[in-house]
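query-v7.cif, holding mmCIF, C-alpha atoms:
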data_work
loop_
_atom_site.group_PDB
_atom_site.id
_atom_site.type_symbol
_atom_site.label_atom_id
_atom_site.label_comp_id
_atom_site.auth_asym_id
_atom_site.auth_seq_id
_atom_site.Cartn_x
_atom_site.Cartn_y
_atom_site.Cartn_z
ATOM 1 C CA LEU A 7 -14.366 -2.733 -9.133
ATOM 2 C CA GLY A 8 -16.016 -6.142 -9.056
ATOM 3 C CA GLU A 9 -15.283 -9.198 -6.955
ATOM 4 C CA GLN A 10 -12.349 -10.285 -9.120
ATOM 5 C CA HIS A 11 -10.516 -6.961 -9.307
ATOM 6 C CA PRO A 12 -6.943 -7.252 -7.967
ATOM 7 C CA ASP A 13 -7.282 -4.023 -5.952
ATOM 8 C CA LEU A 14 -9.833 -5.766 -3.757
ATOM 9 C CA GLY A 15 -6.900 -7.819 -2.447
ATOM 10 C CA TYR A 16 -5.557 -4.691 -0.758
ATOM 11 C CA THR A 17 -8.830 -4.255 1.129
ATOM 12 C CA TYR A 18 -8.705 -7.879 2.252
ATOM 13 C CA SER A 19 -5.165 -7.257 3.511
ATOM 14 C CA VAL A 20 -6.311 -4.247 5.532
ATOM 15 C CA LEU A 21 -9.109 -6.317 7.065
ATOM 16 C CA ALA A 22 -6.580 -9.018 7.902
ATOM 17 C CA ALA A 23 -4.358 -6.474 9.650
ATOM 18 C CA MET A 24 -7.283 -5.165 11.681
ATOM 19 C CA HIS A 25 -8.211 -8.670 12.830
ATOM 20 C CA ALA A 26 -4.583 -9.382 13.705
ATOM 21 C CA LYS A 27 -4.453 -6.220 15.840
ATOM 22 C CA SER A 28 -7.510 -7.563 17.672
ATOM 23 C CA ASN A 29 -5.698 -10.890 18.180
ATOM 24 C CA ASP A 30 -8.238 -12.669 15.977
ATOM 25 C CA TYR A 31 -5.561 -14.505 14.019
ATOM 26 C CA LYS A 32 -7.919 -17.068 12.527
ATOM 27 C CA LYS A 33 -9.979 -14.314 10.896
ATOM 28 C CA ALA A 34 -6.804 -12.458 9.894
ATOM 29 C CA LEU A 35 -5.521 -15.551 8.099
ATOM 30 C CA GLU A 36 -8.878 -15.994 6.368
ATOM 31 C CA PHE A 37 -8.720 -12.478 4.945
ATOM 32 C CA ILE A 38 -5.090 -12.632 3.899
ATOM 33 C CA ASP A 39 -5.815 -15.948 2.210
ATOM 34 C CA LYS A 40 -8.705 -14.278 0.336
ATOM 35 C CA SER A 41 -6.233 -11.667 -0.844
ATOM 36 C CA TYR A 42 -3.775 -14.374 -1.906
ATOM 37 C CA GLN A 43 -6.449 -16.379 -3.755
ATOM 38 C CA LEU A 44 -7.582 -13.251 -5.567
ATOM 39 C CA HIS A 45 -4.003 -12.513 -6.605
ATOM 40 C CA LEU A 46 -3.613 -16.073 -7.894
ATOM 41 C CA ALA A 47 -6.736 -15.673 -9.997
ATOM 42 C CA THR A 48 -5.947 -12.231 -11.415
ATOM 43 C CA LEU A 49 -2.206 -11.511 -11.402
ATOM 44 C CA PRO A 50 0.904 -13.065 -12.944
ATOM 45 C CA ARG A 51 2.827 -15.197 -10.423
ATOM 46 C CA ASN A 52 5.792 -12.808 -10.425
ATOM 47 C CA HIS A 53 3.674 -9.734 -9.619
ATOM 48 C CA GLN A 54 5.021 -7.579 -6.777
ATOM 49 C CA ASP A 55 1.735 -7.751 -4.828
ATOM 50 C CA PHE A 56 2.546 -11.359 -3.929
ATOM 51 C CA GLY A 57 5.582 -10.148 -1.986
ATOM 52 C CA GLN A 58 3.423 -8.007 0.273
ATOM 53 C CA THR A 59 0.865 -10.778 0.701
ATOM 54 C CA PHE A 60 3.604 -13.216 1.746
ATOM 55 C CA GLU A 61 4.869 -10.633 4.228
ATOM 56 C CA ASP A 62 1.342 -10.204 5.598
ATOM 57 C CA PHE A 63 1.087 -13.971 6.141
ATOM 58 C CA ALA A 64 4.490 -13.910 7.836
ATOM 59 C CA ASP A 65 3.534 -11.055 10.152
ATOM 60 C CA ILE A 66 0.425 -12.894 11.324
ATOM 61 C CA TYR A 67 2.337 -16.108 11.978
ATOM 62 C CA ARG A 68 5.066 -14.146 13.785
ATOM 63 C CA GLN A 69 2.456 -12.547 16.034
ATOM 64 C CA GLN A 70 1.244 -16.045 16.863
ATOM 65 C CA LYS A 71 4.861 -17.023 17.640
ATOM 66 C CA ASP A 72 4.832 -19.580 14.807
ATOM 67 C CA TYR A 73 8.321 -18.533 13.811
ATOM 68 C CA ASP A 74 9.055 -21.419 11.440
ATOM 69 C CA ARG A 75 6.026 -20.663 9.304
ATOM 70 C CA ALA A 76 6.720 -16.917 9.531
ATOM 71 C CA LEU A 77 10.264 -17.454 8.259
ATOM 72 C CA GLN A 78 8.986 -19.461 5.314
ATOM 73 C CA PHE A 79 6.673 -16.644 4.282
ATOM 74 C CA TYR A 80 9.315 -13.960 4.834
ATOM 75 C CA GLN A 81 11.621 -15.943 2.555
ATOM 76 C CA GLN A 82 8.887 -16.166 -0.086
ATOM 77 C CA SER A 83 8.438 -12.401 0.192
ATOM 78 C CA ILE A 84 12.154 -11.809 -0.308
ATOM 79 C CA ASP A 85 12.274 -14.201 -3.265
ATOM 80 C CA ASN A 86 9.296 -12.486 -4.881
ATOM 81 C CA ARG A 87 10.732 -9.022 -4.400
ATOM 82 C CA LEU A 88 14.134 -9.997 -5.737
ATOM 83 C CA ASN A 89 12.435 -11.281 -8.861
ATOM 84 C CA THR A 90 10.048 -8.356 -9.409
ATOM 85 C CA VAL A 91 11.783 -5.144 -8.303
ATOM 86 C CA LEU A 92 14.018 -3.562 -10.886
ATOM 87 C CA PRO A 93 17.748 -3.597 -9.959
ATOM 88 C CA SER A 94 17.848 0.203 -10.155
ATOM 89 C CA HIS A 95 14.983 0.533 -7.652
#
As structure tokens, how would this structure be written, given the file I've shared?
Amino acid sequence: LGEQHPDLGYTYSVLAAMHAKSNDYKKALEFIDKSYQLHLATLPRNHQDFGQTFEDFADIYRQQKDYDRALQFYQQSIDNRLNTVLPSH
């Protein structure tokens, strides 16, 4: 795939989830940020993958009980999904 292939972002997200399950939130945030940075470099800003990445950030912050930051990312996820999912979906 190559280091700049958007699908690599999914793998980074999985690694982030695994670190979060191990309560290694710092490492989880590093991997989800890698996914986000890859998306920024390779996808249009209104791509649906951003919605999932925002939700992943939110989940990690929620697990850390940083509810204000989690809410911000959940809202970004909602905004992204409202602007990328077809109305008939």
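When all atoms listed in the file are used to measure the gap to Gln70 of chain A, the shortest distance among A:His11, A:Ala23, A:Asp30, A:Pro50 belongs to A:Asp30.
The shortest atom-to-atom distance to Phe60 of chain A, with all atoms listed in the file taken into account, belongs to A:Ile84 out of A:Ala34, A:Ile84, A:Val20, A:Ala47.
One distance worth recording is that between atom CA of Asn89 of chain A and atom CA of Ala64 of chain A, which is 18.7 Å.
All residues that come within 8 Å of the coordinates (2.3, -13.5, -4.3), counting only C-alpha atoms, are given as Tyr42, His45, Leu46, Arg51, Asn52, His53, Gln54, Asp55, Phe56, Gly57, Gln58, Thr59, Phe60, Ser83 and Asn86 of chain A.
The gap separating atom CA of Ile66 of chain A from atom CA of Leu35 of chain A is 7.3 Å, in Å to one decimal.
Comparing A:Phe63, A:Ser19, A:Lys27, A:Glu36 by their smallest distance to Gln78 of chain A, the closest is A:Phe63 (using only C-alpha atoms).
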List the residues sitting within 7 Å of (-0.5, -11.7, 13.9) in the file's frame, using only C-alpha atoms, as a PyMOL selection string.
chain A and resi 26+29+31+65-70
Put the listed atoms of segment 50-66 of chain A in a box along x, y and z with 3 Å added on every side and give me the centre and edge lengths in Å to one decimal, as AutoDock Vina command-line options.
--center_x 3.1 --center_y -11.4 --center_z -0.8 --size_x 11.4 --size_y 13.6 --size_z 30.3
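Remark: for Thr48 of chain A, the closest of the candidate residues A:Leu77, A:Asp85, A:Leu14, A:Lys32 is A:Leu14 (distances computed over all atoms listed in the file).
Our summary of the geometry notes that atom CA of Ala22 of chain A is positioned 8.3 Å from atom CA of Asp62 of chain A.
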